[in-house]
Amino acid sequence: MEILPASLRDLAGLRRLEQACFPRDAWPLLDLIAVLSWPDVVRLKAIADGQMVGFIAGDLNPAEPIAWIATLGVLPEYQRRGIGRALLQACESRLTGKRIRLCVRPSNQAAIQMYLQAGYLAVDTWPHYYKDGEDALVMEKVHPAGL
């Protein structure tokens, strides 16, 4: 497995990955194009067996010194192999800001455990955040570079 920068050329692979990882919340096509083309977005893909098996995107909120992980997904058949953790670490190392935040479904206990192990703590809940009405758990980590 290798982690590489992602670009607009990865649109089809990212679309497949989003639909496989987030069947209830897959980003629309225009959002995928935006995340692959906006400046100052850290976008990385994990490649294994000749295909994109994981993706992460993060950026700094210019209004405050907080970076956000916008999305992190790994194809179900490649989960629990350390790919998500590797993508998270690679993205964090490229972000600036004193803190890093992300949102996760409270029902996604595997992801929550990974984030806790990576140093994230729950800091807030956003009610009815997801399309099906599930809340979002907001998690935060003090950025290693911000110490």
# chains A, B, ... in the order shown; residues from 1 in each chain; ligands from 1
>>> residues_around(residues="stretch 118-127 of chain A", least_positions_apart="6", cutoff="7 Å", atoms="only C-alpha atoms", output="list in words")
Asp135, Ala136, Leu137, Val138, Met139, Glu140 and Lys141 of chain A
>>> write_last_selection(atoms="C-alpha atoms", output="mmCIF file, in the first residue's frame")
data_model
loop_
_atom_site.group_PDB
_atom_site.id
_atom_site.type_symbol
_atom_site.label_atom_id
_atom_site.label_comp_id
_atom_site.auth_asym_id
_atom_site.auth_seq_id
_atom_site.Cartn_x
_atom_site.Cartn_y
_atom_site.Cartn_z
ATOM 1 C CA ASP A 135 -25.977 13.017 15.293
ATOM 2 C CA ALA A 136 -22.323 13.768 14.556
ATOM 3 C CA LEU A 137 -19.713 13.310 17.239
ATOM 4 C CA VAL A 138 -17.132 16.097 16.886
ATOM 5 C CA MET A 139 -13.652 14.954 17.880
ATOM 6 C CA GLU A 140 -10.565 17.103 18.329
ATOM 7 C CA LYS A 141 -6.832 16.641 18.672
#
>>> residues_around(residues="A:Pro65", least_positions_apart="4", cutoff="7 Å", atoms="only C-alpha atoms", output="PyMOL selection string")
chain A and resi 61+97-99
>>> closest_residue(among="A:Pro5, A:Pro39, A:Pro76, A:Gly54", to="A:Ala20", atoms="only C-alpha atoms")
A:Pro76
>>> closest_residue(among="A:Leu32, A:Arg85, A:Ala67, A:Ala6", to="A:Phe55", atoms="only C-alpha atoms")
A:Ala6
>>> atom_distance(atom1="atom CA of A:His128", atom2="atom CA of A:Trp68")
19.4 Å
>>> closest_residue(among="A:Thr96, A:Glu77, A:Leu88, A:Ala26", to="A:Leu60", atoms="only C-alpha atoms")
A:Thr96
